[in-house]
Amino acid sequence: MDELAISISKLLVIWLVVQVGLVLRFLWSLNLRSHSLPDEKLPKTAVLLYLRGADPLLPDCLRSLLQQNYPRYDLKLIVDSEQDPAWQVVNETIKEIGANNFQINYLRTINQTCSLKCSSLVQAVSELDDSYQVVALVDAETIVHPNWLRELVSPLTNSTVGVTTGNHWYVPTGVYWGTVVRYIGNISAIVQMYLYGIPWGGSLAIKTEVLRRTGLLERWEHTLSEDTMLSSVMAKYNLQVKFVPSLIIVNPQECDLPNLKYSFQRQLLLFRLYHPWWWVLVGEAVLTIGLPQLLLFVWFISFFSGQGDTAIFALSWYVIYILALTMLILFLELGIQPIIRSQGKPVTQLSASLILRIVMGIPLTHWVYGWAMITSLRMQTVNWCGVTYEVNGPVNIRLADYRPYQPLN
């Protein structure tokens, strides 16, 4: 057991050094600033928002989208149906603002071979006239700052950039442990998405010329995800997916563990279906989650077999690893906070009690994420916003059960 504990500890140290390097690379990227274009050079843009159900943040999302510091843009809203509760929220909020740069439609054509969001994007883009040079995507829980669209679109003037994107950043405060686990899991995900060039559909822009050239509308008609597959599509056409640090958007909503586990499963399924680096992600999970669990196993066996020194050694290195990950999380939090402050949003106060919750939440995150990864490997049915899809392959999707959105009591 002594040799096994030493070998695992050495591997853990090596992997920890690699993780530190990856985090430093991501933190370095946060200092890169994109040049915002003047009004006369900004292309006309359509901002697309699909709605199914009234998200609690929807009114704030709409206000932020309709008050952008951008000269020529229109908000195109596609609501699941006219009976959807989002329809009333949209009309009331727009009436309150008095905006006129919007169009609202319901989803008329529901494709049986893709997600509802992909159906809505195909419908909305197909109806755009040639004056729109850029399409931006956003989610209902995304509350953007006034320069969001300008900062999202400006890098697209570079001919080598096909897609620009930001990312979401959750807060760890709240009553649910799921909120802490989601925060920790998202910190790992945001670094991976930057390294692997995975865009986030909640804050994304693409040139309409690129949409046509790559045949994205036809691809969206046979896929479950509008964003994960973009990195491989752009690579085929020698185009970049550019991450814009100033577009990291805070999401303050809470989440419980059962819903979070299913969300992890769904995200991992999409990554397995649509991204070529899936097996790299699996390898990272084995190292990040598997090695410390092996140390716990060695500690358990050693403790109950009377090998006290080995048990202390294994447990000590496990604790050191968890504390090292906590330090990495805190460094990332402090690196993101200037961006959040620049958007006028409050930052997380790192109290001793919150840091303790993060320390305790890291092992919990490992277990939840590990279980989600294992179960996602056999996942063939996805329930998303009350709609059921059968998944038989990346482009073999079937809408199995659809009905207009009904809010839960």
# chains A, B, ... in the order shown; residues from 1 in each chain; ligands from 1
$ select_by_dssp --residues "region 89-176 of chain A" --states "strand (DSSP E or B)" --output "list in words"
Phe102, Gln103, Ile104, Asn105, Tyr106, Val134, Val135, Ala136, Leu137, Val138, Val161, Gly162, Val163, Thr164, Thr165, Gly166, Asn167, His168, Trp169 and Tyr170 of chain A
$ residues_around --residues "Leu65 (chain A)" --least-positions-apart "3" --cutoff "9 Å" --atoms "only C-alpha atoms" --output "PyMOL selection string"
chain A and resi 47+60-62+68+75+143-146+148-149
$ write_last_selection --atoms "N, CA, C and O atoms" --output "PDB file, in the first residue's frame"
ATOM      1  N   VAL A  47     -30.521  40.013 -33.102  1.00  0.00           N
ATOM      2  CA  VAL A  47     -30.343  39.284 -31.844  1.00  0.00           C
ATOM      3  C   VAL A  47     -31.511  38.321 -31.692  1.00  0.00           C
ATOM      4  O   VAL A  47     -32.670  38.735 -31.654  1.00  0.00           O
ATOM      5  N   ASP A  60     -35.675  41.262 -16.863  1.00  0.00           N
ATOM      6  CA  ASP A  60     -34.390  41.955 -16.814  1.00  0.00           C
ATOM      7  C   ASP A  60     -33.570  41.674 -18.072  1.00  0.00           C
ATOM      8  O   ASP A  60     -32.866  42.553 -18.582  1.00  0.00           O
ATOM      9  N   CYS A  61     -33.659  40.447 -18.581  1.00  0.00           N
ATOM     10  CA  CYS A  61     -32.966  40.103 -19.814  1.00  0.00           C
ATOM     11  C   CYS A  61     -33.454  40.971 -20.964  1.00  0.00           C
ATOM     12  O   CYS A  61     -32.655  41.539 -21.729  1.00  0.00           O
ATOM     13  N   LEU A  62     -34.775  41.108 -21.104  1.00  0.00           N
ATOM     14  CA  LEU A  62     -35.341  41.904 -22.193  1.00  0.00           C
ATOM     15  C   LEU A  62     -34.941  43.372 -22.078  1.00  0.00           C
ATOM     16  O   LEU A  62     -34.595  44.016 -23.074  1.00  0.00           O
ATOM     17  N   GLN A  68     -29.267  48.460 -25.687  1.00  0.00           N
ATOM     18  CA  GLN A  68     -27.871  48.267 -26.046  1.00  0.00           C
ATOM     19  C   GLN A  68     -27.271  49.519 -26.681  1.00  0.00           C
ATOM     20  O   GLN A  68     -27.946  50.254 -27.416  1.00  0.00           O
ATOM     21  N   LEU A  75     -34.148  42.979 -32.087  1.00  0.00           N
ATOM     22  CA  LEU A  75     -34.330  41.792 -31.253  1.00  0.00           C
ATOM     23  C   LEU A  75     -35.447  40.945 -31.854  1.00  0.00           C
ATOM     24  O   LEU A  75     -36.590  41.403 -31.999  1.00  0.00           O
ATOM     25  N   ILE A 143     -28.448  38.347 -18.529  1.00  0.00           N
ATOM     26  CA  ILE A 143     -28.660  39.786 -18.368  1.00  0.00           C
ATOM     27  C   ILE A 143     -27.369  40.483 -18.771  1.00  0.00           C
ATOM     28  O   ILE A 143     -26.362  40.400 -18.071  1.00  0.00           O
ATOM     29  N   VAL A 144     -27.398  41.146 -19.917  1.00  0.00           N
ATOM     30  CA  VAL A 144     -26.170  41.684 -20.512  1.00  0.00           C
ATOM     31  C   VAL A 144     -25.974  43.144 -20.130  1.00  0.00           C
ATOM     32  O   VAL A 144     -26.915  43.849 -19.758  1.00  0.00           O
ATOM     33  N   HIS A 145     -24.718  43.623 -20.256  1.00  0.00           N
ATOM     34  CA  HIS A 145     -24.417  45.016 -19.987  1.00  0.00           C
ATOM     35  C   HIS A 145     -24.616  45.832 -21.261  1.00  0.00           C
ATOM     36  O   HIS A 145     -24.719  45.280 -22.360  1.00  0.00           O
ATOM     37  N   PRO A 146     -24.656  47.176 -21.174  1.00  0.00           N
ATOM     38  CA  PRO A 146     -25.019  48.004 -22.338  1.00  0.00           C
ATOM     39  C   PRO A 146     -24.099  47.852 -23.547  1.00  0.00           C
ATOM     40  O   PRO A 146     -24.549  48.048 -24.685  1.00  0.00           O
ATOM     41  N   TRP A 148     -22.621  45.037 -24.450  1.00  0.00           N
ATOM     42  CA  TRP A 148     -22.508  43.614 -24.773  1.00  0.00           C
ATOM     43  C   TRP A 148     -22.460  43.354 -26.271  1.00  0.00           C
ATOM     44  O   TRP A 148     -21.552  42.693 -26.781  1.00  0.00           O
ATOM     45  N   LEU A 149     -23.437  43.889 -27.002  1.00  0.00           N
ATOM     46  CA  LEU A 149     -23.525  43.588 -28.429  1.00  0.00           C
ATOM     47  C   LEU A 149     -22.361  44.197 -29.200  1.00  0.00           C
ATOM     48  O   LEU A 149     -21.817  43.572 -30.118  1.00  0.00           O
TER      49      LEU A 149
END
$ closest_residue --among "A:Ser203, A:Gln123, A:Thr310, A:Gln112" --to "Thr388 (chain A)" --atoms "only C-alpha atoms"
A:Gln112
$ residues_around --residues "Lys117 (chain A)" --least-positions-apart "3" --cutoff "9 Å" --atoms "only C-alpha atoms" --output "PyMOL selection string"
chain A and resi 49-51+114+120-122+224-226
$ closest_residue --among "A:Tyr369, A:Trp220, A:Trp87, A:Phe243" --to "Val282 (chain A)" --atoms "only C-alpha atoms"
A:Tyr369
$ residues_around --residues "region 5-13 of chain A" --least-positions-apart "2" --cutoff "10 Å" --atoms "only C-alpha atoms" --output "number ranges by chain"
A: 1-3, 15-19, 287-288, 290-292, 294-299, 302, 310-311, 313-318, 320-321
$ residues_around --residues "region 89-100 of chain A" --least-positions-apart "5" --cutoff "9 Å" --atoms "only C-alpha atoms" --output "ChimeraX atom specification"
/A:54,58-60,62-63,66-67,74,77
$ write_last_selection --atoms "N, CA and C atoms" --output "tab-separated table (two decimals), in the first residue's frame"
chain	number	residue	atom	x	y	z
A	54	ALA	N	-41.56	31.26	-18.90
A	54	ALA	CA	-41.13	32.59	-18.46
A	54	ALA	C	-40.05	32.45	-17.39
A	58	LEU	N	-36.31	36.82	-17.11
A	58	LEU	CA	-36.67	37.27	-18.46
A	58	LEU	C	-36.93	38.77	-18.56
A	59	PRO	N	-37.70	39.40	-17.65
A	59	PRO	CA	-37.90	40.85	-17.79
A	59	PRO	C	-36.59	41.63	-17.77
A	60	ASP	N	-35.67	41.26	-16.86
A	60	ASP	CA	-34.39	41.96	-16.81
A	60	ASP	C	-33.57	41.67	-18.07
A	62	LEU	N	-34.77	41.11	-21.10
A	62	LEU	CA	-35.34	41.90	-22.19
A	62	LEU	C	-34.94	43.37	-22.08
A	63	ARG	N	-35.00	43.92	-20.87
A	63	ARG	CA	-34.60	45.32	-20.69
A	63	ARG	C	-33.16	45.54	-21.11
A	66	LEU	N	-32.79	45.37	-25.01
A	66	LEU	CA	-33.41	46.46	-25.77
A	66	LEU	C	-32.80	47.82	-25.47
A	67	GLN	N	-31.78	47.84	-24.63
A	67	GLN	CA	-31.13	49.11	-24.28
A	67	GLN	C	-29.62	49.01	-24.54
A	74	ASP	N	-31.85	44.63	-34.21
A	74	ASP	CA	-33.24	44.28	-33.89
A	74	ASP	C	-33.25	43.02	-33.05
A	77	LEU	N	-37.69	37.83	-31.31
A	77	LEU	CA	-38.16	36.92	-30.27
A	77	LEU	C	-39.00	35.82	-30.88
$ atom_distance --atom1 "CA of Gly306 (chain A)" --atom2 "CA of Leu364 (chain A)"
27.6 Å
$ decode --residues "region 277-327 of chain A" --atoms "N, CA and C atoms" --output "PDB file, in the first residue's frame"
ATOM      1  N   TRP A 277     -13.029  16.600 -28.988  1.00  0.00           N
ATOM      2  CA  TRP A 277     -12.132  16.447 -27.839  1.00  0.00           C
ATOM      3  C   TRP A 277     -12.807  15.724 -26.677  1.00  0.00           C
ATOM      4  N   TRP A 278     -13.867  14.975 -26.964  1.00  0.00           N
ATOM      5  CA  TRP A 278     -14.602  14.289 -25.906  1.00  0.00           C
ATOM      6  C   TRP A 278     -13.698  13.399 -25.060  1.00  0.00           C
ATOM      7  N   TRP A 279     -12.835  12.605 -25.696  1.00  0.00           N
ATOM      8  CA  TRP A 279     -12.009  11.670 -24.940  1.00  0.00           C
ATOM      9  C   TRP A 279     -10.944  12.373 -24.120  1.00  0.00           C
ATOM     10  N   VAL A 280     -10.569  13.571 -24.525  1.00  0.00           N
ATOM     11  CA  VAL A 280      -9.655  14.365 -23.696  1.00  0.00           C
ATOM     12  C   VAL A 280     -10.369  14.775 -22.409  1.00  0.00           C
ATOM     13  N   LEU A 281     -11.643  15.171 -22.535  1.00  0.00           N
ATOM     14  CA  LEU A 281     -12.433  15.526 -21.355  1.00  0.00           C
ATOM     15  C   LEU A 281     -12.567  14.337 -20.412  1.00  0.00           C
ATOM     16  N   VAL A 282     -12.779  13.144 -20.981  1.00  0.00           N
ATOM     17  CA  VAL A 282     -12.871  11.940 -20.162  1.00  0.00           C
ATOM     18  C   VAL A 282     -11.561  11.709 -19.421  1.00  0.00           C
ATOM     19  N   GLY A 283     -10.439  11.872 -20.130  1.00  0.00           N
ATOM     20  CA  GLY A 283      -9.134  11.696 -19.493  1.00  0.00           C
ATOM     21  C   GLY A 283      -8.912  12.693 -18.365  1.00  0.00           C
ATOM     22  N   GLU A 284      -9.309  13.937 -18.584  1.00  0.00           N
ATOM     23  CA  GLU A 284      -9.183  14.947 -17.527  1.00  0.00           C
ATOM     24  C   GLU A 284     -10.023  14.571 -16.311  1.00  0.00           C
ATOM     25  N   ALA A 285     -11.232  14.072 -16.561  1.00  0.00           N
ATOM     26  CA  ALA A 285     -12.102  13.693 -15.451  1.00  0.00           C
ATOM     27  C   ALA A 285     -11.503  12.531 -14.664  1.00  0.00           C
ATOM     28  N   VAL A 286     -10.905  11.572 -15.365  1.00  0.00           N
ATOM     29  CA  VAL A 286     -10.273  10.435 -14.684  1.00  0.00           C
ATOM     30  C   VAL A 286      -9.154  10.925 -13.774  1.00  0.00           C
ATOM     31  N   LEU A 287      -8.344  11.857 -14.283  1.00  0.00           N
ATOM     32  CA  LEU A 287      -7.236  12.364 -13.475  1.00  0.00           C
ATOM     33  C   LEU A 287      -7.725  13.241 -12.332  1.00  0.00           C
ATOM     34  N   THR A 288      -8.653  14.151 -12.635  1.00  0.00           N
ATOM     35  CA  THR A 288      -9.123  15.114 -11.628  1.00  0.00           C
ATOM     36  C   THR A 288      -9.953  14.444 -10.539  1.00  0.00           C
ATOM     37  N   ILE A 289     -10.778  13.482 -10.933  1.00  0.00           N
ATOM     38  CA  ILE A 289     -11.695  12.837  -9.988  1.00  0.00           C
ATOM     39  C   ILE A 289     -11.172  11.478  -9.535  1.00  0.00           C
ATOM     40  N   GLY A 290     -10.645  10.704 -10.491  1.00  0.00           N
ATOM     41  CA  GLY A 290     -10.253   9.331 -10.174  1.00  0.00           C
ATOM     42  C   GLY A 290      -9.067   9.226  -9.240  1.00  0.00           C
ATOM     43  N   LEU A 291      -8.031  10.037  -9.456  1.00  0.00           N
ATOM     44  CA  LEU A 291      -6.832   9.938  -8.616  1.00  0.00           C
ATOM     45  C   LEU A 291      -7.112  10.230  -7.147  1.00  0.00           C
ATOM     46  N   PRO A 292      -7.808  11.323  -6.832  1.00  0.00           N
ATOM     47  CA  PRO A 292      -8.093  11.549  -5.396  1.00  0.00           C
ATOM     48  C   PRO A 292      -8.990  10.477  -4.789  1.00  0.00           C
ATOM     49  N   GLN A 293      -9.892   9.892  -5.597  1.00  0.00           N
ATOM     50  CA  GLN A 293     -10.735   8.816  -5.059  1.00  0.00           C
ATOM     51  C   GLN A 293      -9.890   7.576  -4.766  1.00  0.00           C
ATOM     52  N   LEU A 294      -8.862   7.338  -5.588  1.00  0.00           N
ATOM     53  CA  LEU A 294      -7.948   6.235  -5.313  1.00  0.00           C
ATOM     54  C   LEU A 294      -7.208   6.453  -3.996  1.00  0.00           C
ATOM     55  N   LEU A 295      -6.824   7.702  -3.743  1.00  0.00           N
ATOM     56  CA  LEU A 295      -6.163   8.003  -2.459  1.00  0.00           C
ATOM     57  C   LEU A 295      -7.105   7.730  -1.292  1.00  0.00           C
ATOM     58  N   LEU A 296      -8.371   8.101  -1.440  1.00  0.00           N
ATOM     59  CA  LEU A 296      -9.343   7.809  -0.383  1.00  0.00           C
ATOM     60  C   LEU A 296      -9.502   6.301  -0.187  1.00  0.00           C
ATOM     61  N   PHE A 297      -9.466   5.564  -1.283  1.00  0.00           N
ATOM     62  CA  PHE A 297      -9.563   4.109  -1.194  1.00  0.00           C
ATOM     63  C   PHE A 297      -8.357   3.537  -0.432  1.00  0.00           C
ATOM     64  N   VAL A 298      -7.157   4.037  -0.770  1.00  0.00           N
ATOM     65  CA  VAL A 298      -5.943   3.578  -0.074  1.00  0.00           C
ATOM     66  C   VAL A 298      -6.031   3.920   1.404  1.00  0.00           C
ATOM     67  N   TRP A 299      -6.507   5.128   1.714  1.00  0.00           N
ATOM     68  CA  TRP A 299      -6.666   5.535   3.118  1.00  0.00           C
ATOM     69  C   TRP A 299      -7.622   4.581   3.844  1.00  0.00           C
ATOM     70  N   PHE A 300      -8.739   4.271   3.207  1.00  0.00           N
ATOM     71  CA  PHE A 300      -9.750   3.417   3.830  1.00  0.00           C
ATOM     72  C   PHE A 300      -9.171   2.024   4.126  1.00  0.00           C
ATOM     73  N   ILE A 301      -8.530   1.420   3.119  1.00  0.00           N
ATOM     74  CA  ILE A 301      -7.970   0.077   3.299  1.00  0.00           C
ATOM     75  C   ILE A 301      -6.864   0.083   4.351  1.00  0.00           C
ATOM     76  N   SER A 302      -6.011   1.105   4.274  1.00  0.00           N
ATOM     77  CA  SER A 302      -4.877   1.181   5.213  1.00  0.00           C
ATOM     78  C   SER A 302      -5.356   1.402   6.634  1.00  0.00           C
ATOM     79  N   PHE A 303      -6.353   2.250   6.796  1.00  0.00           N
ATOM     80  CA  PHE A 303      -6.859   2.571   8.128  1.00  0.00           C
ATOM     81  C   PHE A 303      -7.429   1.328   8.814  1.00  0.00           C
ATOM     82  N   PHE A 304      -8.216   0.552   8.066  1.00  0.00           N
ATOM     83  CA  PHE A 304      -8.875  -0.604   8.676  1.00  0.00           C
ATOM     84  C   PHE A 304      -7.997  -1.854   8.690  1.00  0.00           C
ATOM     85  N   SER A 305      -6.824  -1.771   8.031  1.00  0.00           N
ATOM     86  CA  SER A 305      -5.892  -2.910   8.105  1.00  0.00           C
ATOM     87  C   SER A 305      -4.728  -2.617   9.044  1.00  0.00           C
ATOM     88  N   GLY A 306      -4.811  -1.483   9.758  1.00  0.00           N
ATOM     89  CA  GLY A 306      -3.809  -1.168  10.761  1.00  0.00           C
ATOM     90  C   GLY A 306      -2.534  -0.546  10.229  1.00  0.00           C
ATOM     91  N   GLN A 307      -2.525  -0.084   8.960  1.00  0.00           N
ATOM     92  CA  GLN A 307      -1.339   0.579   8.397  1.00  0.00           C
ATOM     93  C   GLN A 307      -1.482   2.086   8.597  1.00  0.00           C
ATOM     94  N   GLY A 308      -1.247   2.523   9.819  1.00  0.00           N
ATOM     95  CA  GLY A 308      -1.509   3.899  10.203  1.00  0.00           C
ATOM     96  C   GLY A 308      -0.714   4.918   9.416  1.00  0.00           C
ATOM     97  N   ASP A 309       0.580   4.677   9.205  1.00  0.00           N
ATOM     98  CA  ASP A 309       1.417   5.651   8.483  1.00  0.00           C
ATOM     99  C   ASP A 309       0.929   5.832   7.052  1.00  0.00           C
ATOM    100  N   THR A 310       0.607   4.741   6.400  1.00  0.00           N
ATOM    101  CA  THR A 310       0.111   4.825   5.019  1.00  0.00           C
ATOM    102  C   THR A 310      -1.220   5.550   4.969  1.00  0.00           C
ATOM    103  N   ALA A 311      -2.082   5.283   5.937  1.00  0.00           N
ATOM    104  CA  ALA A 311      -3.385   5.947   5.980  1.00  0.00           C
ATOM    105  C   ALA A 311      -3.221   7.454   6.151  1.00  0.00           C
ATOM    106  N   ILE A 312      -2.328   7.863   7.058  1.00  0.00           N
ATOM    107  CA  ILE A 312      -2.083   9.292   7.277  1.00  0.00           C
ATOM    108  C   ILE A 312      -1.500   9.934   6.016  1.00  0.00           C
ATOM    109  N   PHE A 313      -0.569   9.238   5.368  1.00  0.00           N
ATOM    110  CA  PHE A 313       0.064   9.758   4.152  1.00  0.00           C
ATOM    111  C   PHE A 313      -0.980   9.973   3.051  1.00  0.00           C
ATOM    112  N   ALA A 314      -1.842   8.966   2.821  1.00  0.00           N
ATOM    113  CA  ALA A 314      -2.846   9.063   1.762  1.00  0.00           C
ATOM    114  C   ALA A 314      -3.851  10.168   2.048  1.00  0.00           C
ATOM    115  N   LEU A 315      -4.323  10.242   3.297  1.00  0.00           N
ATOM    116  CA  LEU A 315      -5.307  11.262   3.651  1.00  0.00           C
ATOM    117  C   LEU A 315      -4.694  12.661   3.579  1.00  0.00           C
ATOM    118  N   SER A 316      -3.430  12.789   3.976  1.00  0.00           N
ATOM    119  CA  SER A 316      -2.763  14.095   3.934  1.00  0.00           C
ATOM    120  C   SER A 316      -2.676  14.618   2.503  1.00  0.00           C
ATOM    121  N   TRP A 317      -2.286  13.743   1.565  1.00  0.00           N
ATOM    122  CA  TRP A 317      -2.177  14.180   0.179  1.00  0.00           C
ATOM    123  C   TRP A 317      -3.546  14.471  -0.430  1.00  0.00           C
ATOM    124  N   TYR A 318      -4.563  13.756   0.004  1.00  0.00           N
ATOM    125  CA  TYR A 318      -5.919  14.069  -0.466  1.00  0.00           C
ATOM    126  C   TYR A 318      -6.329  15.473  -0.010  1.00  0.00           C
ATOM    127  N   VAL A 319      -6.092  15.773   1.252  1.00  0.00           N
ATOM    128  CA  VAL A 319      -6.439  17.099   1.787  1.00  0.00           C
ATOM    129  C   VAL A 319      -5.620  18.187   1.087  1.00  0.00           C
ATOM    130  N   ILE A 320      -4.331  17.930   0.862  1.00  0.00           N
ATOM    131  CA  ILE A 320      -3.485  18.906   0.172  1.00  0.00           C
ATOM    132  C   ILE A 320      -4.043  19.196  -1.222  1.00  0.00           C
ATOM    133  N   TYR A 321      -4.475  18.144  -1.918  1.00  0.00           N
ATOM    134  CA  TYR A 321      -5.018  18.319  -3.266  1.00  0.00           C
ATOM    135  C   TYR A 321      -6.294  19.156  -3.238  1.00  0.00           C
ATOM    136  N   ILE A 322      -7.197  18.859  -2.314  1.00  0.00           N
ATOM    137  CA  ILE A 322      -8.452  19.616  -2.204  1.00  0.00           C
ATOM    138  C   ILE A 322      -8.163  21.084  -1.890  1.00  0.00           C
ATOM    139  N   LEU A 323      -7.213  21.344  -0.981  1.00  0.00           N
ATOM    140  CA  LEU A 323      -6.867  22.721  -0.638  1.00  0.00           C
ATOM    141  C   LEU A 323      -6.216  23.443  -1.824  1.00  0.00           C
ATOM    142  N   ALA A 324      -5.410  22.701  -2.605  1.00  0.00           N
ATOM    143  CA  ALA A 324      -4.793  23.300  -3.792  1.00  0.00           C
ATOM    144  C   ALA A 324      -5.858  23.685  -4.817  1.00  0.00           C
ATOM    145  N   LEU A 325      -6.853  22.818  -5.010  1.00  0.00           N
ATOM    146  CA  LEU A 325      -7.950  23.157  -5.919  1.00  0.00           C
ATOM    147  C   LEU A 325      -8.735  24.363  -5.409  1.00  0.00           C
ATOM    148  N   THR A 326      -8.895  24.444  -4.100  1.00  0.00           N
ATOM    149  CA  THR A 326      -9.581  25.613  -3.522  1.00  0.00           C
ATOM    150  C   THR A 326      -8.820  26.895  -3.853  1.00  0.00           C
ATOM    151  N   MET A 327      -7.493  26.861  -3.742  1.00  0.00           N
ATOM    152  CA  MET A 327      -6.687  28.033  -4.080  1.00  0.00           C
ATOM    153  C   MET A 327      -6.849  28.411  -5.548  1.00  0.00           C
TER     154      MET A 327
END
